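What's in input-v9.pdb: PDB, C-alpha atoms, pLDDT in the B column
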```
ATOM      1  CA  MET A   1     -60.645 -90.871  -6.744  1.00 85.00           C
ATOM      2  CA  GLU A   2     -63.663 -89.856  -8.784  1.00 93.00           C
ATOM      3  CA  LEU A   3     -63.412 -88.492 -12.339  1.00 90.00           C
ATOM      4  CA  ALA A   4     -64.300 -84.908 -11.347  1.00 87.00           C
ATOM      5  CA  GLU A   5     -61.572 -84.843  -8.696  1.00 91.00           C
ATOM      6  CA  ALA A   6     -59.041 -86.442 -11.071  1.00 93.00           C
ATOM      7  CA  LYS A   7     -59.893 -83.883 -13.760  1.00 93.00           C
ATOM      8  CA  LEU A   8     -59.294 -80.981 -11.340  1.00 92.00           C
ATOM      9  CA  LYS A   9     -56.039 -82.565 -10.177  1.00 95.00           C
ATOM     10  CA  PHE A  10     -54.852 -82.935 -13.788  1.00 95.00           C
ATOM     11  CA  ILE A  11     -55.763 -79.324 -14.629  1.00 95.00           C
ATOM     12  CA  GLU A  12     -53.903 -78.091 -11.538  1.00 93.00           C
ATOM     13  CA  ALA A  13     -50.835 -80.244 -12.287  1.00 94.00           C
ATOM     14  CA  TRP A  14     -50.756 -79.212 -15.968  1.00 93.00           C
ATOM     15  CA  GLY A  15     -50.988 -75.564 -14.910  1.00 92.00           C
ATOM     16  CA  LYS A  16     -48.102 -75.989 -12.473  1.00 92.00           C
ATOM     17  CA  LEU A  17     -46.010 -77.802 -15.084  1.00 88.00           C
ATOM     18  CA  GLY A  18     -46.729 -75.101 -17.650  1.00 85.00           C
ATOM     19  CA  SER A  19     -45.701 -72.312 -15.287  1.00 83.00           C
ATOM     20  CA  GLU A  20     -42.449 -74.154 -14.508  1.00 82.00           C
ATOM     21  CA  TRP A  21     -41.762 -74.288 -18.257  1.00 77.00           C
ATOM     22  CA  GLY A  22     -42.347 -70.554 -18.596  1.00 72.00           C
ATOM     23  CA  ILE A  23     -45.927 -70.773 -19.866  1.00 81.00           C
ATOM     24  CA  ASN A  24     -48.713 -68.812 -18.217  1.00 89.00           C
ATOM     25  CA  ARG A  25     -50.440 -71.001 -15.593  1.00 92.00           C
ATOM     26  CA  THR A  26     -53.942 -70.077 -16.785  1.00 95.00           C
ATOM     27  CA  MET A  27     -52.985 -70.864 -20.381  1.00 95.00           C
ATOM     28  CA  ALA A  28     -51.800 -74.307 -19.302  1.00 94.00           C
ATOM     29  CA  GLN A  29     -54.949 -74.874 -17.220  1.00 96.00           C
ATOM     30  CA  VAL A  30     -57.265 -73.923 -20.088  1.00 97.00           C
ATOM     31  CA  HIS A  31     -55.274 -76.214 -22.349  1.00 96.00           C
ATOM     32  CA  ALA A  32     -55.580 -79.037 -19.797  1.00 96.00           C
ATOM     33  CA  LEU A  33     -59.338 -78.509 -19.510  1.00 97.00           C
ATOM     34  CA  LEU A  34     -59.747 -78.676 -23.293  1.00 97.00           C
ATOM     35  CA  LEU A  35     -57.420 -81.711 -23.479  1.00 95.00           C
ATOM     36  CA  VAL A  36     -59.576 -83.786 -21.155  1.00 95.00           C
ATOM     37  CA  SER A  37     -62.906 -82.549 -22.513  1.00 95.00           C
ATOM     38  CA  PRO A  38     -64.444 -84.965 -25.022  1.00 93.00           C
ATOM     39  CA  GLU A  39     -66.323 -82.154 -26.761  1.00 94.00           C
ATOM     40  CA  ALA A  40     -65.365 -78.629 -27.766  1.00 95.00           C
ATOM     41  CA  LEU A  41     -66.173 -76.023 -25.096  1.00 96.00           C
ATOM     42  CA  THR A  42     -67.452 -72.455 -25.321  1.00 96.00           C
ATOM     43  CA  THR A  43     -65.713 -69.498 -23.710  1.00 96.00           C
ATOM     44  CA  GLU A  44     -68.476 -69.447 -21.097  1.00 96.00           C
ATOM     45  CA  GLU A  45     -67.876 -73.114 -20.228  1.00 97.00           C
ATOM     46  CA  VAL A  46     -64.136 -72.492 -19.871  1.00 97.00           C
ATOM     47  CA  MET A  47     -64.849 -69.477 -17.645  1.00 97.00           C
ATOM     48  CA  ALA A  48     -67.225 -71.465 -15.438  1.00 96.00           C
ATOM     49  CA  GLU A  49     -64.989 -74.539 -15.129  1.00 95.00           C
ATOM     50  CA  LEU A  50     -61.878 -72.551 -14.178  1.00 96.00           C
ATOM     51  CA  SER A  51     -63.483 -69.517 -12.499  1.00 96.00           C
ATOM     52  CA  ILE A  52     -61.689 -67.032 -14.746  1.00 96.00           C
ATOM     53  CA  SER A  53     -62.864 -63.773 -16.286  1.00 96.00           C
ATOM     54  CA  ARG A  54     -64.104 -63.403 -19.854  1.00 96.00           C
ATOM     55  CA  GLY A  55     -61.097 -61.258 -20.748  1.00 96.00           C
ATOM     56  CA  ASN A  56     -58.670 -63.816 -19.364  1.00 96.00           C
ATOM     57  CA  ALA A  57     -60.503 -66.669 -21.115  1.00 97.00           C
ATOM     58  CA  ASN A  58     -60.579 -64.831 -24.461  1.00 96.00           C
ATOM     59  CA  MET A  59     -56.912 -63.829 -24.293  1.00 96.00           C
ATOM     60  CA  THR A  60     -55.846 -67.327 -23.222  1.00 96.00           C
ATOM     61  CA  LEU A  61     -57.876 -69.072 -25.937  1.00 97.00           C
ATOM     62  CA  ARG A  62     -56.428 -66.699 -28.547  1.00 96.00           C
ATOM     63  CA  ASP A  63     -52.893 -67.528 -27.318  1.00 94.00           C
ATOM     64  CA  LEU A  64     -53.612 -71.267 -27.475  1.00 95.00           C
ATOM     65  CA  ILE A  65     -54.880 -70.836 -31.043  1.00 95.00           C
ATOM     66  CA  ASP A  66     -51.712 -68.878 -31.911  1.00 93.00           C
ATOM     67  CA  TRP A  67     -49.603 -71.728 -30.524  1.00 90.00           C
ATOM     68  CA  GLY A  68     -51.546 -74.194 -32.701  1.00 91.00           C
ATOM     69  CA  LEU A  69     -52.769 -76.165 -29.680  1.00 93.00           C
ATOM     70  CA  VAL A  70     -56.443 -75.238 -29.918  1.00 95.00           C
ATOM     71  CA  GLU A  71     -58.764 -74.678 -32.848  1.00 95.00           C
ATOM     72  CA  LYS A  72     -61.931 -72.648 -33.023  1.00 95.00           C
ATOM     73  CA  GLN A  73     -65.032 -74.453 -34.245  1.00 93.00           C
ATOM     74  CA  HIS A  74     -68.525 -73.328 -35.176  1.00 90.00           C
ATOM     75  CA  LYS A  75     -71.667 -75.408 -34.944  1.00 87.00           C
ATOM     76  CA  THR A  76     -74.349 -75.004 -37.568  1.00 88.00           C
ATOM     77  CA  GLY A  77     -77.148 -72.751 -36.387  1.00 88.00           C
ATOM     78  CA  GLU A  78     -75.249 -71.462 -33.346  1.00 87.00           C
ATOM     79  CA  ARG A  79     -73.516 -68.137 -32.881  1.00 89.00           C
ATOM     80  CA  LYS A  80     -71.204 -69.344 -30.126  1.00 91.00           C
ATOM     81  CA  GLU A  81     -67.620 -70.266 -30.810  1.00 94.00           C
ATOM     82  CA  TYR A  82     -66.359 -73.608 -29.574  1.00 96.00           C
ATOM     83  CA  PHE A  83     -62.762 -74.493 -28.761  1.00 97.00           C
ATOM     84  CA  TYR A  84     -61.182 -77.896 -29.180  1.00 96.00           C
ATOM     85  CA  ALA A  85     -57.665 -78.973 -28.166  1.00 95.00           C
ATOM     86  CA  GLU A  86     -55.449 -81.231 -30.238  1.00 92.00           C
ATOM     87  CA  LYS A  87     -55.369 -84.565 -28.370  1.00 92.00           C
ATOM     88  CA  ASP A  88     -52.315 -86.202 -29.971  1.00 89.00           C
ATOM     89  CA  THR A  89     -49.491 -85.739 -27.442  1.00 86.00           C
ATOM     90  CA  TRP A  90     -46.759 -86.011 -30.091  1.00 84.00           C
ATOM     91  CA  ILE A  91     -48.346 -83.192 -32.108  1.00 86.00           C
ATOM     92  CA  ILE A  92     -48.726 -81.136 -28.912  1.00 86.00           C
ATOM     93  CA  ALA A  93     -45.067 -81.667 -27.989  1.00 83.00           C
ATOM     94  CA  ARG A  94     -43.939 -80.682 -31.483  1.00 86.00           C
ATOM     95  CA  ARG A  95     -46.071 -77.532 -31.541  1.00 87.00           C
ATOM     96  CA  VAL A  96     -44.870 -76.424 -28.108  1.00 84.00           C
ATOM     97  CA  ALA A  97     -41.255 -77.102 -29.122  1.00 85.00           C
ATOM     98  CA  GLU A  98     -41.713 -75.176 -32.387  1.00 87.00           C
ATOM     99  CA  GLU A  99     -43.233 -72.202 -30.592  1.00 86.00           C
ATOM    100  CA  ARG A 100     -40.609 -72.126 -27.843  1.00 86.00           C
ATOM    101  CA  LYS A 101     -37.845 -72.451 -30.457  1.00 89.00           C
ATOM    102  CA  LYS A 102     -39.287 -69.517 -32.386  1.00 89.00           C
ATOM    103  CA  ARG A 103     -39.754 -67.346 -29.287  1.00 88.00           C
ATOM    104  CA  GLU A 104     -36.659 -68.286 -27.287  1.00 88.00           C
ATOM    105  CA  LEU A 105     -33.929 -70.193 -29.106  1.00 92.00           C
ATOM    106  CA  ASP A 106     -33.946 -68.472 -32.514  1.00 94.00           C
ATOM    107  CA  PRO A 107     -33.467 -64.936 -31.093  1.00 95.00           C
ATOM    108  CA  VAL A 108     -30.644 -66.129 -28.808  1.00 94.00           C
ATOM    109  CA  ILE A 109     -28.867 -67.833 -31.705  1.00 95.00           C
ATOM    110  CA  LYS A 110     -29.126 -64.640 -33.749  1.00 95.00           C
ATOM    111  CA  ILE A 111     -27.635 -62.513 -30.961  1.00 94.00           C
ATOM    112  CA  LEU A 112     -24.895 -65.047 -30.226  1.00 94.00           C
ATOM    113  CA  GLY A 113     -23.990 -65.111 -33.924  1.00 92.00           C
ATOM    114  CA  GLN A 114     -23.518 -61.338 -33.828  1.00 93.00           C
ATOM    115  CA  LEU A 115     -21.542 -61.498 -30.578  1.00 92.00           C
ATOM    116  CA  THR A 116     -19.090 -64.103 -31.917  1.00 91.00           C
ATOM    117  CA  GLU A 117     -18.134 -61.558 -34.601  1.00 90.00           C
ATOM    118  CA  VAL A 118     -17.029 -58.924 -32.067  1.00 89.00           C
ATOM    119  CA  LYS A 119     -13.518 -57.721 -32.897  1.00 90.00           C
ATOM    120  CA  GLY A 120     -10.828 -57.308 -30.281  1.00 87.00           C
ATOM    121  CA  ASP A 121      -7.248 -57.862 -29.289  1.00 88.00           C
ATOM    122  CA  LYS A 122      -6.732 -61.628 -29.125  1.00 86.00           C
ATOM    123  CA  LYS A 123      -4.035 -61.065 -26.468  1.00 89.00           C
ATOM    124  CA  ASP A 124      -6.446 -59.195 -24.170  1.00 86.00           C
ATOM    125  CA  SER A 125      -7.651 -61.543 -21.425  1.00 91.00           C
ATOM    126  CA  ALA A 126     -11.085 -59.849 -21.188  1.00 92.00           C
ATOM    127  CA  TYR A 127     -11.616 -60.245 -24.938  1.00 92.00           C
ATOM    128  CA  LYS A 128     -10.421 -63.881 -24.858  1.00 91.00           C
ATOM    129  CA  ALA A 129     -12.745 -64.733 -21.961  1.00 93.00           C
ATOM    130  CA  PHE A 130     -15.715 -63.024 -23.642  1.00 94.00           C
ATOM    131  CA  HIS A 131     -15.075 -64.558 -27.062  1.00 93.00           C
ATOM    132  CA  SER A 132     -14.470 -68.044 -25.652  1.00 93.00           C
ATOM    133  CA  SER A 133     -17.665 -67.999 -23.559  1.00 94.00           C
ATOM    134  CA  VAL A 134     -19.861 -66.588 -26.321  1.00 94.00           C
ATOM    135  CA  THR A 135     -18.435 -69.026 -28.895  1.00 94.00           C
ATOM    136  CA  ASP A 136     -19.006 -72.023 -26.603  1.00 94.00           C
ATOM    137  CA  ILE A 137     -22.556 -70.955 -25.784  1.00 95.00           C
ATOM    138  CA  SER A 138     -23.235 -70.299 -29.464  1.00 94.00           C
ATOM    139  CA  ARG A 139     -21.956 -73.762 -30.380  1.00 94.00           C
ATOM    140  CA  LEU A 140     -24.171 -75.334 -27.695  1.00 94.00           C
ATOM    141  CA  ALA A 141     -27.233 -73.330 -28.801  1.00 94.00           C
ATOM    142  CA  ASN A 142     -26.686 -74.340 -32.434  1.00 93.00           C
ATOM    143  CA  ASN A 143     -26.340 -78.018 -31.442  1.00 92.00           C
ATOM    144  CA  VAL A 144     -29.558 -77.789 -29.421  1.00 91.00           C
ATOM    145  CA  ASN A 145     -31.197 -76.146 -32.446  1.00 91.00           C
ATOM    146  CA  LYS A 146     -30.076 -78.965 -34.781  1.00 90.00           C
ATOM    147  CA  THR A 147     -31.313 -81.603 -32.331  1.00 86.00           C
ATOM    148  CA  LEU A 148     -34.638 -79.810 -31.968  1.00 84.00           C
ATOM    149  CA  ASP A 149     -34.985 -79.509 -35.750  1.00 85.00           C
ATOM    150  CA  THR A 150     -34.382 -83.261 -36.049  1.00 84.00           C
ATOM    151  CA  MET A 151     -37.047 -83.940 -33.417  1.00 79.00           C
ATOM    152  CA  LEU A 152     -39.540 -81.609 -35.089  1.00 77.00           C
ATOM    153  CA  LYS A 153     -39.075 -83.312 -38.457  1.00 80.00           C
ATOM    154  CA  ALA A 154     -39.153 -86.818 -37.006  1.00 75.00           C
ATOM    155  CA  GLU A 155     -42.046 -89.146 -36.679  1.00 70.00           C
ATOM    156  CA  GLU A 156     -42.879 -90.251 -33.145  1.00 58.00           C
ATOM    157  CA  ASN A 157     -41.804 -93.900 -33.523  1.00 59.00           C
ATOM    158  CA  TRP A 158     -38.465 -93.004 -35.124  1.00 59.00           C
ATOM    159  CA  PHE A 159     -37.685 -90.375 -32.485  1.00 57.00           C
ATOM    160  CA  PHE A 160     -38.419 -92.517 -29.428  1.00 56.00           C
ATOM    161  CA  GLY A 161     -36.744 -95.530 -31.042  1.00 59.00           C
ATOM    162  CA  SER A 162     -33.584 -93.450 -31.492  1.00 58.00           C
ATOM    163  CA  ILE A 163     -33.722 -92.189 -27.902  1.00 56.00           C
ATOM    164  CA  PHE A 164     -34.135 -95.729 -26.534  1.00 54.00           C
ATOM    165  CA  LYS A 165     -31.123 -96.919 -28.574  1.00 62.00           C
ATOM    166  CA  ILE A 166     -28.987 -94.223 -26.944  1.00 62.00           C
ATOM    167  CA  PHE A 167     -29.882 -95.431 -23.460  1.00 62.00           C
ATOM    168  CA  LYS A 168     -29.432 -99.177 -24.125  1.00 61.00           C
TER     169      LYS A 168
END
```

Let's see the structure in the file written out as structure tokens.
Amino acid sequence: MELAEAKLKFIEAWGKLGSEWGINRTMAQVHALLLVSPEALTTEEVMAELSISRGNANMTLRDLIDWGLVEKQHKTGERKEYFYAEKDTWIIARRVAEERKKRELDPVIKILGQLTEVKGDKKDSAYKAFHSSVTDISRLANNVNKTLDTMLKAEENWFFGSIFKIFK
């Protein structure tokens, strides 16, 4: 397989993986393109490589910047903006986890916290079933949150060393 074909295959696979994780496919594909590009790319280069519209490219690049996965760069004497992806996979994983935690887990934990405070007759089977389920899910979500916080604060070597110890 030649480099050009491998690059397209990676971009396609990263896009599919991203969409399975709930991330827009185009966003994942643009990220993949920038990941494997040795130099920062312009919006026009991203558009040409992926055959996407200017609006889609601009919106996607802005989202990637918001997620902390891409940075905008300027070159002296040029008016064009260039975009460069963070290449360190540990930093990428942490930023994606932070963003997903902020967008998905934190709001659920807040709602579950409110729902565990619902008052009712402890002898009522409907109340008991509701309260038991919500409390268990809340406990699980909070444990996931603590584990994620530990991962986000950890250094790569410590984290993977701890994981490998668990599986020994």

**Asked** How many Å lie between atom CA of Asn145 of chain A and atom CA of Val96 of chain A, rounded to one decimal?
**Response**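 Separation between atom CA of Asn145 of chain A and atom CA of Val96 of chain A: 14.3 Å.
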
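Pairwise distance (atom CA of Phe83 of chain A, atom CA of Leu41 of chain A) equals 5.2 Å.
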
**Message:** Taking 2 positions as the minimum chain separation for residues in the same chain, which residues sit within 9 Å of segment 68-77 of chain A when counting all atoms listed in the file? Answer as a list in words.
**Reply:** His31, Leu34, Ala40, Leu61, Arg62, Asp63, Leu64, Ile65, Asp66, Arg79, Lys80, Glu81, Tyr82, Phe83, Tyr84, Ala85, Glu86, Lys87, Ile91, Ile92, Arg95, Val96 and Glu99 of chain A

**Request:** For the file shown, report as a list in words the outcome of the PyMOL selection byres ((chain A and resi 106) around 12) at residue level.
**Result:** Ala97, Glu98, Glu99, Arg100, Lys101, Lys102, Arg103, Glu104, Leu105, Pro107, Val108, Ile109, Lys110, Ile111, Leu112, Gly113, Ser138, Ala141, Asn142, Val144, Asn145, Lys146, Leu148 and Asp149 of chain A

**Asked** So how many Å separate atom CA of Leu152 of chain A and atom CA of Ala93 of chain A, to one decimal?
**Response**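 Value for the atom CA of Leu152 of chain A-atom CA of Ala93 of chain A distance: 9.0 Å.
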